[in-house]
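Report on one structure; see the data block that follows.
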Amino acid sequence: MSPQSKAGLAREHFTRASGAFAAGDPVAGVMFLHLAAEAAVVALSELQGIATERQHWRKGQAATELHTRSILSTDLGPILELLNQARKDAGYEGEDPNFGDWTSEDLLNIVENAVQTAEKAVDTREVAP
């Protein structure tokens with residue numbers, strides 16, 4: 001997939017996540033929030049030449065590298081790990097997602113910033129000669 005389609009996918013997943021949390025469905029919310037964060041990281045990583053190789057841990061490393069390069073203001077590596085574990089707990093164990101010290105609103109804000117960064121990066125690349 002092209003970076004633009006990953007950025008668009010990140011937006012679609014984020015919209016579903018925020019709607020699910022607003023509707024009181026934290027299981028769907030965490031699943032789509034995790035997907036949105038990963039898609040944003042992949043979109044940005046593709047633009048930066050950082051490998052993600054369809055593996056959660058590689059996406060976490062890529063997220064940290066994007067932060068190190070000052071592309072993302074927040075290191076999403078630990079956030080991806082947290083969301084992935086919360087997704088598993090909710091989906092496989094039937095538990096409510098555990099976000100530790102974070103609230104769903106905190107996580108939505110952080111991931112939305114990453115999605116916006118990916119969208120802007122793709123838009124900028126399309127305009128560049």
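Labels used: A, B, ... for chains in the order of the structure tokens, numbers from 1 for residues in each chain, and numbers from 1 for ligands as shown.
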
**Message:** Can you pull out the residues contacting range 105-113 of chain A? Cut-off 12 Å, using only C-alpha atoms, and skip same-chain residues under 5 positions away; I want them as a PyMOL selection string.
**Reply:** chain A and resi 7+10-22+26+29-30+32-41+63+71-80+82-83+98-100+118-120

**Prompt:** If you run DSSP on this backbone, which residues of range 11-110 of chain A come out as helix (DSSP H, G or I), and could you give them as a PyMOL selection string?
**Reply:** chain A and resi 11-22+26-48+56-68+76-93+104-110

**Request:** Between A:Ala86, A:Gln116, A:Lys6, A:Arg54, single out the one closest to Trp102 in chain A, counting only C-alpha atoms.
**Result:**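 Smallest separation from Trp102 in chain A among the options: A:Ala86.
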
**Prompt:** Which is closest to Tyr92 in chain A among A:Leu9, A:Thr52, A:Asp123, A:Val27, if we use only C-alpha atoms?
**Reply:** A:Val27

**Asked** A:Gly94, A:Ser45, A:Asp25, A:Met31: which is nearest Ala121 in chain A, counting only C-alpha atoms?
**Response**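 Selected residue with least distance to Ala121 in chain A: A:Ser45.
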
**Prompt:** CA of Glu81 in chain A to CA of Leu66 in chain A: how many Å, to one decimal?
**Reply:** 15.6 Å

**Fill in**
Pairwise distance, CA of Gly8 in chain A with CA of Asp96 in chain A, equals 28.2 Å

**Request:** State, in Å with one decimal place, the distance from CA of Val115 in chain A to CA of Arg69 in chain A.
**Result:** 16.8 Å
